[in-house]
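Below is one structure, written out as structure tokens, with a few remarks after it.
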Amino acid sequence: MSPTSNPKFKNPRARYNFQGRTCSIAGVGSYVPAKVLTNADLEKMVNTTDEWITSRTGIKERHLAAKDEFTSDLGTKAALKAMARAGVVAEQIDLIVVATITPDMPFPSTAALVQRKIGAYRAAAFDLEAACSGFIYALEVAQQFIMSRTYDTVLVIGAEKLSSIVDWEDRNTCVLFGDGAGAAVLRNRANAHGLLTAVMGADGRKADLLFMAAGGSRCPATAESVAGRLHFLRMEGKETFKNAVQAMQTAAVEALRRCEIDISRIKLIIPHQANVRIIHAVAERLGAKPEQLFINLHKFGNTSAASVAIALDEAVQSDRVQPGDLLLLVVFGAGLTWGAAVIEW
Ligand SMILES: CC(C)(COP(=O)(O)OP(=O)(O)OC[C@H]1O[C@@H](n2cnc3c(N)ncnc32)[C@H](O)[C@@H]1OP(=O)(O)O)[C@@H](O)C(=O)NCCC(=O)NCCS
């Protein structure tokens, strides 16, 4: 047992003897494509209004990737910023993990394509799929490799080109999503706590709430699958909403419990940016104050695995996070999946 060096809170990982091994986020970065699609633009595409979208979701605009711009391109741009801020060059990266539901292709992995684009040829590379929860899942995977002494430097990316799987004729879903990427470089560094805990959960019994039917082994692409619009995401909005609030609350409470801290100790809560009503409902249940919440979904919509990664980067670059602050990341997504992480910055 090695006691935590910081008596302000309990570090759950201090229960284990990592013999001086620590892991922290050395740098973050994000990128969103140039093209902006506003609610007014959507009014011309489907039967909707800016008033409906704003009042039901909080979203005002989202960014869309160009035709020749893919998930690996977005991820690469975010990664290069995170690497520069971490002071890490490509040769130092041991592993690249990309969380995404919109890989450039089913295979090879988007992580391998990013590896080629940044020239990190020493690195192992794989994708991880936990939908909108992917970035927290990927942070935890990266941290496990670092704490186990397998790797010293891991590049984690959440990147999505959701516009490629959104049905632009379905007003129930097309107003909600956007494209973008966020990245973090995790390193073994002395005197750093980093990710204090990461709660991860899943309930495959609710897989039918949010899914894309075709394109996998169950329904390969055919003329019928294309005609049936099966290559687009489908969602039960109301049920997804209810499950999101419940799961995010449960995950956050568990993460705080493990660190033996109260919500008031958290400087900034960075929730998955799907719907501002979900965020406020979770915050209310947690007893959080409005000033503890980081919200940027009005600019980007739901960017799935990139969502909390982009928000974390924006929070850091705008000085809402200082060294020593405690952050709570909390996410929810298809699967169903969910997660929460407490990070000492
Ligand atoms: C999708 C969501 C915004 C819909 O909000 P809601 O308050 O539940 O709205 P409802 O489903 O009750 O729909 C109300 C009406 O608005 C209509 N509607 C749906 N989309 C609309 C749009 N873009 N513009 C105008 N009307 C719309 C519906 O057709 C429905 O009409 P009806 O009552 O005549 O059938 C909300 O359920 C939600 O955010 N769910 C979670 C989504 C999510 O986070 N997904 C990602 C998880 S990672």
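So you can find residues: chains in the structure tokens are A, B, ... in the order shown, residues in each start at 1, and ligands are numbered from 1 in order.
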
Using only C-alpha atoms and all ligand atoms, which residues have at least one atom no more than 6 Å from ligand 1? Output them as a PDB file with N, CA, C and O atoms, in the first residue's frame.
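New file selection_4.pdb:
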```pdb
ATOM      1  N   THR A  48     -38.396  21.290 -39.762  1.00  0.00           N
ATOM      2  CA  THR A  48     -37.997  21.611 -38.391  1.00  0.00           C
ATOM      3  C   THR A  48     -37.867  23.122 -38.244  1.00  0.00           C
ATOM      4  O   THR A  48     -37.982  23.862 -39.233  1.00  0.00           O
ATOM      5  N   THR A  49     -37.634  23.567 -37.010  1.00  0.00           N
ATOM      6  CA  THR A  49     -37.430  24.993 -36.770  1.00  0.00           C
ATOM      7  C   THR A  49     -36.269  25.178 -35.796  1.00  0.00           C
ATOM      8  O   THR A  49     -35.985  24.304 -34.978  1.00  0.00           O
ATOM      9  N   TRP A  52     -37.574  24.757 -32.294  1.00  0.00           N
ATOM     10  CA  TRP A  52     -37.730  23.366 -31.813  1.00  0.00           C
ATOM     11  C   TRP A  52     -36.368  22.796 -31.411  1.00  0.00           C
ATOM     12  O   TRP A  52     -36.208  22.255 -30.316  1.00  0.00           O
ATOM     13  N   ILE A  53     -35.391  22.946 -32.298  1.00  0.00           N
ATOM     14  CA  ILE A  53     -34.072  22.340 -32.026  1.00  0.00           C
ATOM     15  C   ILE A  53     -33.453  22.970 -30.772  1.00  0.00           C
ATOM     16  O   ILE A  53     -32.935  22.274 -29.895  1.00  0.00           O
ATOM     17  N   ARG A  56     -35.507  21.943 -27.519  1.00  0.00           N
ATOM     18  CA  ARG A  56     -35.452  20.517 -27.161  1.00  0.00           C
ATOM     19  C   ARG A  56     -34.045  19.988 -26.941  1.00  0.00           C
ATOM     20  O   ARG A  56     -33.863  18.958 -26.316  1.00  0.00           O
ATOM     21  N   THR A  57     -33.038  20.685 -27.534  1.00  0.00           N
ATOM     22  CA  THR A  57     -31.678  20.118 -27.455  1.00  0.00           C
ATOM     23  C   THR A  57     -30.610  21.110 -26.992  1.00  0.00           C
ATOM     24  O   THR A  57     -29.579  20.697 -26.459  1.00  0.00           O
ATOM     25  N   CYS A 132     -20.658   6.843 -27.929  1.00  0.00           N
ATOM     26  CA  CYS A 132     -20.368   8.156 -27.323  1.00  0.00           C
ATOM     27  C   CYS A 132     -19.546   8.041 -26.042  1.00  0.00           C
ATOM     28  O   CYS A 132     -19.014   9.037 -25.555  1.00  0.00           O
ATOM     29  N   ARG A 171     -35.766  14.039 -39.538  1.00  0.00           N
ATOM     30  CA  ARG A 171     -35.651  15.202 -38.637  1.00  0.00           C
ATOM     31  C   ARG A 171     -35.440  14.796 -37.175  1.00  0.00           C
ATOM     32  O   ARG A 171     -34.968  15.584 -36.366  1.00  0.00           O
ATOM     33  N   ASN A 172     -35.846  13.550 -36.841  1.00  0.00           N
ATOM     34  CA  ASN A 172     -35.675  13.083 -35.464  1.00  0.00           C
ATOM     35  C   ASN A 172     -34.203  12.984 -35.057  1.00  0.00           C
ATOM     36  O   ASN A 172     -33.875  13.070 -33.879  1.00  0.00           O
ATOM     37  N   VAL A 175     -30.785  16.592 -36.758  1.00  0.00           N
ATOM     38  CA  VAL A 175     -30.504  17.880 -36.107  1.00  0.00           C
ATOM     39  C   VAL A 175     -29.517  17.740 -34.950  1.00  0.00           C
ATOM     40  O   VAL A 175     -29.026  18.743 -34.424  1.00  0.00           O
ATOM     41  N   GLY A 237     -35.547   8.217 -29.342  1.00  0.00           N
ATOM     42  CA  GLY A 237     -35.089   9.411 -28.628  1.00  0.00           C
ATOM     43  C   GLY A 237     -35.485   9.456 -27.160  1.00  0.00           C
ATOM     44  O   GLY A 237     -34.645   9.672 -26.278  1.00  0.00           O
ATOM     45  N   LYS A 238     -36.785   9.236 -26.888  1.00  0.00           N
ATOM     46  CA  LYS A 238     -37.267   9.404 -25.511  1.00  0.00           C
ATOM     47  C   LYS A 238     -36.640   8.395 -24.550  1.00  0.00           C
ATOM     48  O   LYS A 238     -36.236   8.734 -23.444  1.00  0.00           O
ATOM     49  N   THR A 240     -33.850   6.733 -24.995  1.00  0.00           N
ATOM     50  CA  THR A 240     -32.421   7.023 -24.891  1.00  0.00           C
ATOM     51  C   THR A 240     -32.194   8.143 -23.882  1.00  0.00           C
ATOM     52  O   THR A 240     -31.280   8.076 -23.051  1.00  0.00           O
ATOM     53  N   PHE A 241     -33.030   9.145 -23.931  1.00  0.00           N
ATOM     54  CA  PHE A 241     -32.936  10.282 -23.007  1.00  0.00           C
ATOM     55  C   PHE A 241     -33.014   9.798 -21.562  1.00  0.00           C
ATOM     56  O   PHE A 241     -32.157  10.117 -20.722  1.00  0.00           O
ATOM     57  N   ALA A 274     -24.773  15.808 -25.615  1.00  0.00           N
ATOM     58  CA  ALA A 274     -25.817  15.291 -26.499  1.00  0.00           C
ATOM     59  C   ALA A 274     -27.034  16.208 -26.495  1.00  0.00           C
ATOM     60  O   ALA A 274     -27.598  16.505 -27.553  1.00  0.00           O
ATOM     61  N   ASN A 275     -27.434  16.637 -25.309  1.00  0.00           N
ATOM     62  CA  ASN A 275     -28.663  17.414 -25.172  1.00  0.00           C
ATOM     63  C   ASN A 275     -28.548  18.213 -23.872  1.00  0.00           C
ATOM     64  O   ASN A 275     -28.267  17.640 -22.820  1.00  0.00           O
ATOM     65  N   PHE A 332     -22.300   8.856 -22.001  1.00  0.00           N
ATOM     66  CA  PHE A 332     -23.356   7.885 -22.250  1.00  0.00           C
ATOM     67  C   PHE A 332     -23.433   7.650 -23.743  1.00  0.00           C
ATOM     68  O   PHE A 332     -23.242   8.583 -24.519  1.00  0.00           O
ATOM     69  N   GLY A 333     -23.735   6.424 -24.161  1.00  0.00           N
ATOM     70  CA  GLY A 333     -23.837   6.204 -25.598  1.00  0.00           C
ATOM     71  C   GLY A 333     -24.498   4.893 -25.963  1.00  0.00           C
ATOM     72  O   GLY A 333     -24.984   4.150 -25.104  1.00  0.00           O
TER      73      GLY A 333
END
```

Take atom CA of His231 of chain A and atom CA of Leu162 of chain A and report the distance between them in Å, one decimal.
11.8 Å

Write out as a PDB file with N, CA and C atoms, in the first residue's frame all residues of segment 82-290 of chain A that DSSP puts in alpha helix (DSSP H) for this structure's backbone.
```
ATOM      1  N   ALA A  82      -2.462  17.990 -29.680  1.00  0.00           N
ATOM      2  CA  ALA A  82      -2.232  17.408 -28.344  1.00  0.00           C
ATOM      3  C   ALA A  82      -0.754  17.055 -28.171  1.00  0.00           C
ATOM      4  N   MET A  83      -0.133  16.519 -29.228  1.00  0.00           N
ATOM      5  CA  MET A  83       1.287  16.142 -29.160  1.00  0.00           C
ATOM      6  C   MET A  83       2.169  17.371 -28.966  1.00  0.00           C
ATOM      7  N   ALA A  84       1.853  18.451 -29.697  1.00  0.00           N
ATOM      8  CA  ALA A  84       2.658  19.683 -29.566  1.00  0.00           C
ATOM      9  C   ALA A  84       2.555  20.219 -28.142  1.00  0.00           C
ATOM     10  N   ARG A  85       1.355  20.215 -27.577  1.00  0.00           N
ATOM     11  CA  ARG A  85       1.179  20.748 -26.211  1.00  0.00           C
ATOM     12  C   ARG A  85       1.818  19.843 -25.173  1.00  0.00           C
ATOM     13  N   ALA A  86       1.886  18.539 -25.468  1.00  0.00           N
ATOM     14  CA  ALA A  86       2.518  17.600 -24.538  1.00  0.00           C
ATOM     15  C   ALA A  86       4.036  17.586 -24.710  1.00  0.00           C
ATOM     16  N   THR A 110      -8.845   2.922 -38.024  1.00  0.00           N
ATOM     17  CA  THR A 110      -8.559   4.352 -38.187  1.00  0.00           C
ATOM     18  C   THR A 110      -7.270   4.705 -37.441  1.00  0.00           C
ATOM     19  N   ALA A 111      -7.008   3.985 -36.342  1.00  0.00           N
ATOM     20  CA  ALA A 111      -5.769   4.234 -35.581  1.00  0.00           C
ATOM     21  C   ALA A 111      -4.539   3.973 -36.455  1.00  0.00           C
ATOM     22  N   ALA A 112      -4.599   2.929 -37.289  1.00  0.00           N
ATOM     23  CA  ALA A 112      -3.471   2.638 -38.178  1.00  0.00           C
ATOM     24  C   ALA A 112      -3.309   3.756 -39.216  1.00  0.00           C
ATOM     25  N   LEU A 113      -4.438   4.289 -39.682  1.00  0.00           N
ATOM     26  CA  LEU A 113      -4.369   5.376 -40.666  1.00  0.00           C
ATOM     27  C   LEU A 113      -3.810   6.651 -40.041  1.00  0.00           C
ATOM     28  N   VAL A 114      -4.183   6.902 -38.772  1.00  0.00           N
ATOM     29  CA  VAL A 114      -3.621   8.051 -38.051  1.00  0.00           C
ATOM     30  C   VAL A 114      -2.119   7.843 -37.852  1.00  0.00           C
ATOM     31  N   GLN A 115      -1.741   6.609 -37.501  1.00  0.00           N
ATOM     32  CA  GLN A 115      -0.317   6.308 -37.307  1.00  0.00           C
ATOM     33  C   GLN A 115       0.481   6.711 -38.539  1.00  0.00           C
ATOM     34  N   ARG A 116      -0.044   6.337 -39.730  1.00  0.00           N
ATOM     35  CA  ARG A 116       0.654   6.682 -40.978  1.00  0.00           C
ATOM     36  C   ARG A 116       0.708   8.195 -41.164  1.00  0.00           C
ATOM     37  N   LYS A 117      -0.397   8.868 -40.877  1.00  0.00           N
ATOM     38  CA  LYS A 117      -0.453  10.328 -41.114  1.00  0.00           C
ATOM     39  C   LYS A 117       0.476  11.106 -40.195  1.00  0.00           C
ATOM     40  N   ILE A 118       0.651  10.621 -38.963  1.00  0.00           N
ATOM     41  CA  ILE A 118       1.546  11.371 -38.060  1.00  0.00           C
ATOM     42  C   ILE A 118       2.961  10.779 -38.044  1.00  0.00           C
ATOM     43  N   GLY A 134     -16.855   6.294 -25.861  1.00  0.00           N
ATOM     44  CA  GLY A 134     -15.557   5.782 -26.284  1.00  0.00           C
ATOM     45  C   GLY A 134     -14.345   6.493 -25.720  1.00  0.00           C
ATOM     46  N   PHE A 135     -14.442   7.810 -25.523  1.00  0.00           N
ATOM     47  CA  PHE A 135     -13.231   8.528 -25.088  1.00  0.00           C
ATOM     48  C   PHE A 135     -12.850   8.138 -23.659  1.00  0.00           C
ATOM     49  N   ILE A 136     -13.834   7.983 -22.773  1.00  0.00           N
ATOM     50  CA  ILE A 136     -13.502   7.560 -21.404  1.00  0.00           C
ATOM     51  C   ILE A 136     -13.004   6.115 -21.406  1.00  0.00           C
ATOM     52  N   TYR A 137     -13.639   5.260 -22.184  1.00  0.00           N
ATOM     53  CA  TYR A 137     -13.140   3.888 -22.311  1.00  0.00           C
ATOM     54  C   TYR A 137     -11.671   3.902 -22.784  1.00  0.00           C
ATOM     55  N   ALA A 138     -11.382   4.736 -23.760  1.00  0.00           N
ATOM     56  CA  ALA A 138     -10.025   4.764 -24.331  1.00  0.00           C
ATOM     57  C   ALA A 138      -9.009   5.340 -23.344  1.00  0.00           C
ATOM     58  N   LEU A 139      -9.428   6.351 -22.577  1.00  0.00           N
ATOM     59  CA  LEU A 139      -8.520   6.891 -21.550  1.00  0.00           C
ATOM     60  C   LEU A 139      -8.157   5.806 -20.549  1.00  0.00           C
ATOM     61  N   GLU A 140      -9.160   5.023 -20.138  1.00  0.00           N
ATOM     62  CA  GLU A 140      -8.912   3.981 -19.146  1.00  0.00           C
ATOM     63  C   GLU A 140      -8.003   2.879 -19.717  1.00  0.00           C
ATOM     64  N   VAL A 141      -8.245   2.503 -20.965  1.00  0.00           N
ATOM     65  CA  VAL A 141      -7.393   1.493 -21.617  1.00  0.00           C
ATOM     66  C   VAL A 141      -5.944   1.996 -21.664  1.00  0.00           C
ATOM     67  N   ALA A 142      -5.789   3.246 -22.060  1.00  0.00           N
ATOM     68  CA  ALA A 142      -4.438   3.834 -22.147  1.00  0.00           C
ATOM     69  C   ALA A 142      -3.771   3.826 -20.786  1.00  0.00           C
ATOM     70  N   GLN A 143      -4.530   4.238 -19.768  1.00  0.00           N
ATOM     71  CA  GLN A 143      -3.957   4.300 -18.425  1.00  0.00           C
ATOM     72  C   GLN A 143      -3.528   2.911 -17.950  1.00  0.00           C
ATOM     73  N   GLN A 144      -4.330   1.892 -18.269  1.00  0.00           N
ATOM     74  CA  GLN A 144      -3.976   0.523 -17.848  1.00  0.00           C
ATOM     75  C   GLN A 144      -2.631   0.102 -18.450  1.00  0.00           C
ATOM     76  N   PHE A 145      -2.417   0.421 -19.724  1.00  0.00           N
ATOM     77  CA  PHE A 145      -1.144   0.071 -20.366  1.00  0.00           C
ATOM     78  C   PHE A 145       0.030   0.808 -19.718  1.00  0.00           C
ATOM     79  N   ILE A 146      -0.219   2.048 -19.312  1.00  0.00           N
ATOM     80  CA  ILE A 146       0.864   2.832 -18.701  1.00  0.00           C
ATOM     81  C   ILE A 146       1.159   2.321 -17.292  1.00  0.00           C
ATOM     82  N   MET A 147       0.112   2.096 -16.495  1.00  0.00           N
ATOM     83  CA  MET A 147       0.330   1.653 -15.117  1.00  0.00           C
ATOM     84  C   MET A 147       0.961   0.261 -15.063  1.00  0.00           C
ATOM     85  N   ARG A 171     -35.766  14.039 -39.538  1.00  0.00           N
ATOM     86  CA  ARG A 171     -35.651  15.202 -38.637  1.00  0.00           C
ATOM     87  C   ARG A 171     -35.440  14.796 -37.175  1.00  0.00           C
ATOM     88  N   ASN A 172     -35.846  13.550 -36.841  1.00  0.00           N
ATOM     89  CA  ASN A 172     -35.675  13.083 -35.464  1.00  0.00           C
ATOM     90  C   ASN A 172     -34.203  12.984 -35.057  1.00  0.00           C
ATOM     91  N   THR A 173     -33.333  12.729 -36.031  1.00  0.00           N
ATOM     92  CA  THR A 173     -31.924  12.521 -35.690  1.00  0.00           C
ATOM     93  C   THR A 173     -30.964  13.525 -36.338  1.00  0.00           C
ATOM     94  N   CYS A 174     -31.281  14.003 -37.544  1.00  0.00           N
ATOM     95  CA  CYS A 174     -30.254  14.770 -38.276  1.00  0.00           C
ATOM     96  C   CYS A 174     -29.910  16.098 -37.617  1.00  0.00           C
ATOM     97  N   ALA A 223     -28.261  -3.610 -52.527  1.00  0.00           N
ATOM     98  CA  ALA A 223     -29.129  -2.574 -53.099  1.00  0.00           C
ATOM     99  C   ALA A 223     -30.330  -2.364 -52.177  1.00  0.00           C
ATOM    100  N   GLU A 224     -30.824  -3.472 -51.559  1.00  0.00           N
ATOM    101  CA  GLU A 224     -31.994  -3.368 -50.668  1.00  0.00           C
ATOM    102  C   GLU A 224     -31.644  -2.596 -49.396  1.00  0.00           C
ATOM    103  N   SER A 225     -30.465  -2.889 -48.840  1.00  0.00           N
ATOM    104  CA  SER A 225     -30.101  -2.201 -47.586  1.00  0.00           C
ATOM    105  C   SER A 225     -29.936  -0.701 -47.822  1.00  0.00           C
ATOM    106  N   VAL A 226     -29.434  -0.338 -48.984  1.00  0.00           N
ATOM    107  CA  VAL A 226     -29.292   1.089 -49.299  1.00  0.00           C
ATOM    108  C   VAL A 226     -30.669   1.708 -49.509  1.00  0.00           C
ATOM    109  N   ALA A 227     -31.520   1.012 -50.288  1.00  0.00           N
ATOM    110  CA  ALA A 227     -32.869   1.535 -50.549  1.00  0.00           C
ATOM    111  C   ALA A 227     -33.667   1.659 -49.250  1.00  0.00           C
ATOM    112  N   GLY A 237     -35.547   8.217 -29.342  1.00  0.00           N
ATOM    113  CA  GLY A 237     -35.089   9.411 -28.628  1.00  0.00           C
ATOM    114  C   GLY A 237     -35.485   9.456 -27.160  1.00  0.00           C
ATOM    115  N   LYS A 238     -36.785   9.236 -26.888  1.00  0.00           N
ATOM    116  CA  LYS A 238     -37.267   9.404 -25.511  1.00  0.00           C
ATOM    117  C   LYS A 238     -36.640   8.395 -24.550  1.00  0.00           C
ATOM    118  N   GLU A 239     -36.598   7.106 -24.974  1.00  0.00           N
ATOM    119  CA  GLU A 239     -36.016   6.060 -24.113  1.00  0.00           C
ATOM    120  C   GLU A 239     -34.519   6.304 -23.908  1.00  0.00           C
ATOM    121  N   THR A 240     -33.850   6.733 -24.995  1.00  0.00           N
ATOM    122  CA  THR A 240     -32.421   7.023 -24.891  1.00  0.00           C
ATOM    123  C   THR A 240     -32.194   8.143 -23.882  1.00  0.00           C
ATOM    124  N   PHE A 241     -33.030   9.145 -23.931  1.00  0.00           N
ATOM    125  CA  PHE A 241     -32.936  10.282 -23.007  1.00  0.00           C
ATOM    126  C   PHE A 241     -33.014   9.798 -21.562  1.00  0.00           C
ATOM    127  N   LYS A 242     -34.050   9.006 -21.271  1.00  0.00           N
ATOM    128  CA  LYS A 242     -34.257   8.530 -19.882  1.00  0.00           C
ATOM    129  C   LYS A 242     -33.070   7.704 -19.397  1.00  0.00           C
ATOM    130  N   ASN A 243     -32.631   6.786 -20.257  1.00  0.00           N
ATOM    131  CA  ASN A 243     -31.496   5.930 -19.884  1.00  0.00           C
ATOM    132  C   ASN A 243     -30.218   6.744 -19.701  1.00  0.00           C
ATOM    133  N   ALA A 244     -30.055   7.784 -20.520  1.00  0.00           N
ATOM    134  CA  ALA A 244     -28.844   8.615 -20.427  1.00  0.00           C
ATOM    135  C   ALA A 244     -28.772   9.290 -19.062  1.00  0.00           C
ATOM    136  N   VAL A 245     -29.883   9.880 -18.643  1.00  0.00           N
ATOM    137  CA  VAL A 245     -29.887  10.599 -17.361  1.00  0.00           C
ATOM    138  C   VAL A 245     -29.555   9.631 -16.219  1.00  0.00           C
ATOM    139  N   GLN A 246     -30.234   8.487 -16.229  1.00  0.00           N
ATOM    140  CA  GLN A 246     -30.033   7.511 -15.152  1.00  0.00           C
ATOM    141  C   GLN A 246     -28.595   6.986 -15.122  1.00  0.00           C
ATOM    142  N   ALA A 247     -28.091   6.593 -16.293  1.00  0.00           N
ATOM    143  CA  ALA A 247     -26.754   5.985 -16.350  1.00  0.00           C
ATOM    144  C   ALA A 247     -25.661   6.993 -16.006  1.00  0.00           C
ATOM    145  N   MET A 248     -25.814   8.215 -16.483  1.00  0.00           N
ATOM    146  CA  MET A 248     -24.780   9.233 -16.195  1.00  0.00           C
ATOM    147  C   MET A 248     -24.765   9.564 -14.711  1.00  0.00           C
ATOM    148  N   GLN A 249     -25.942   9.632 -14.116  1.00  0.00           N
ATOM    149  CA  GLN A 249     -25.992   9.897 -12.676  1.00  0.00           C
ATOM    150  C   GLN A 249     -25.305   8.761 -11.902  1.00  0.00           C
ATOM    151  N   THR A 250     -25.669   7.525 -12.228  1.00  0.00           N
ATOM    152  CA  THR A 250     -25.110   6.367 -11.513  1.00  0.00           C
ATOM    153  C   THR A 250     -23.586   6.321 -11.657  1.00  0.00           C
ATOM    154  N   ALA A 251     -23.112   6.537 -12.885  1.00  0.00           N
ATOM    155  CA  ALA A 251     -21.658   6.470 -13.126  1.00  0.00           C
ATOM    156  C   ALA A 251     -20.924   7.569 -12.364  1.00  0.00           C
ATOM    157  N   ALA A 252     -21.494   8.778 -12.375  1.00  0.00           N
ATOM    158  CA  ALA A 252     -20.838   9.903 -11.699  1.00  0.00           C
ATOM    159  C   ALA A 252     -20.787   9.666 -10.193  1.00  0.00           C
ATOM    160  N   VAL A 253     -21.893   9.198  -9.645  1.00  0.00           N
ATOM    161  CA  VAL A 253     -21.945   8.951  -8.195  1.00  0.00           C
ATOM    162  C   VAL A 253     -20.895   7.908  -7.803  1.00  0.00           C
ATOM    163  N   GLU A 254     -20.775   6.860  -8.609  1.00  0.00           N
ATOM    164  CA  GLU A 254     -19.808   5.807  -8.322  1.00  0.00           C
ATOM    165  C   GLU A 254     -18.363   6.339  -8.407  1.00  0.00           C
ATOM    166  N   ALA A 255     -18.089   7.171  -9.400  1.00  0.00           N
ATOM    167  CA  ALA A 255     -16.733   7.738  -9.532  1.00  0.00           C
ATOM    168  C   ALA A 255     -16.392   8.612  -8.325  1.00  0.00           C
ATOM    169  N   LEU A 256     -17.349   9.425  -7.889  1.00  0.00           N
ATOM    170  CA  LEU A 256     -17.119  10.295  -6.721  1.00  0.00           C
ATOM    171  C   LEU A 256     -16.945   9.453  -5.461  1.00  0.00           C
ATOM    172  N   ARG A 257     -17.761   8.401  -5.345  1.00  0.00           N
ATOM    173  CA  ARG A 257     -17.675   7.527  -4.165  1.00  0.00           C
ATOM    174  C   ARG A 257     -16.290   6.906  -4.061  1.00  0.00           C
ATOM    175  N   ARG A 258     -15.762   6.453  -5.179  1.00  0.00           N
ATOM    176  CA  ARG A 258     -14.445   5.813  -5.157  1.00  0.00           C
ATOM    177  C   ARG A 258     -13.350   6.774  -4.699  1.00  0.00           C
ATOM    178  N   CYS A 259     -13.519   8.053  -5.012  1.00  0.00           N
ATOM    179  CA  CYS A 259     -12.515   9.054  -4.611  1.00  0.00           C
ATOM    180  C   CYS A 259     -12.840   9.657  -3.252  1.00  0.00           C
ATOM    181  N   VAL A 276     -28.771  19.507 -23.951  1.00  0.00           N
ATOM    182  CA  VAL A 276     -28.583  20.347 -22.755  1.00  0.00           C
ATOM    183  C   VAL A 276     -29.578  19.961 -21.661  1.00  0.00           C
ATOM    184  N   ARG A 277     -30.735  19.400 -22.060  1.00  0.00           N
ATOM    185  CA  ARG A 277     -31.715  18.975 -21.040  1.00  0.00           C
ATOM    186  C   ARG A 277     -31.209  17.749 -20.294  1.00  0.00           C
ATOM    187  N   ILE A 278     -30.495  16.864 -20.979  1.00  0.00           N
ATOM    188  CA  ILE A 278     -29.887  15.711 -20.298  1.00  0.00           C
ATOM    189  C   ILE A 278     -28.844  16.223 -19.305  1.00  0.00           C
ATOM    190  N   ILE A 279     -28.024  17.163 -19.739  1.00  0.00           N
ATOM    191  CA  ILE A 279     -26.951  17.688 -18.881  1.00  0.00           C
ATOM    192  C   ILE A 279     -27.542  18.334 -17.624  1.00  0.00           C
ATOM    193  N   HIS A 280     -28.591  19.134 -17.800  1.00  0.00           N
ATOM    194  CA  HIS A 280     -29.172  19.804 -16.633  1.00  0.00           C
ATOM    195  C   HIS A 280     -29.861  18.815 -15.701  1.00  0.00           C
ATOM    196  N   ALA A 281     -30.495  17.786 -16.277  1.00  0.00           N
ATOM    197  CA  ALA A 281     -31.150  16.784 -15.429  1.00  0.00           C
ATOM    198  C   ALA A 281     -30.112  16.024 -14.600  1.00  0.00           C
ATOM    199  N   VAL A 282     -28.988  15.669 -15.217  1.00  0.00           N
ATOM    200  CA  VAL A 282     -27.929  14.956 -14.490  1.00  0.00           C
ATOM    201  C   VAL A 282     -27.337  15.865 -13.410  1.00  0.00           C
ATOM    202  N   ALA A 283     -27.090  17.118 -13.773  1.00  0.00           N
ATOM    203  CA  ALA A 283     -26.499  18.068 -12.817  1.00  0.00           C
ATOM    204  C   ALA A 283     -27.407  18.254 -11.610  1.00  0.00           C
ATOM    205  N   GLU A 284     -28.701  18.351 -11.867  1.00  0.00           N
ATOM    206  CA  GLU A 284     -29.652  18.540 -10.767  1.00  0.00           C
ATOM    207  C   GLU A 284     -29.624  17.334  -9.830  1.00  0.00           C
ATOM    208  N   ARG A 285     -29.628  16.133 -10.406  1.00  0.00           N
ATOM    209  CA  ARG A 285     -29.597  14.916  -9.578  1.00  0.00           C
ATOM    210  C   ARG A 285     -28.301  14.797  -8.785  1.00  0.00           C
ATOM    211  N   LEU A 286     -27.205  15.344  -9.348  1.00  0.00           N
ATOM    212  CA  LEU A 286     -25.921  15.256  -8.636  1.00  0.00           C
ATOM    213  C   LEU A 286     -25.760  16.385  -7.619  1.00  0.00           C
TER     214      LEU A 286
END
```

Counting only C-alpha atoms, which of A:Pro290, A:Gly204, A:Pro12, A:Gly27 gets nearest to Val185 of chain A?
A:Gly27

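Between Arg149 of chain A and the candidates A:Ser30, A:Thr22, A:Thr303, A:Asn296, the tightest atom-to-atom separation, counting only C-alpha atoms, involves A:Thr22.
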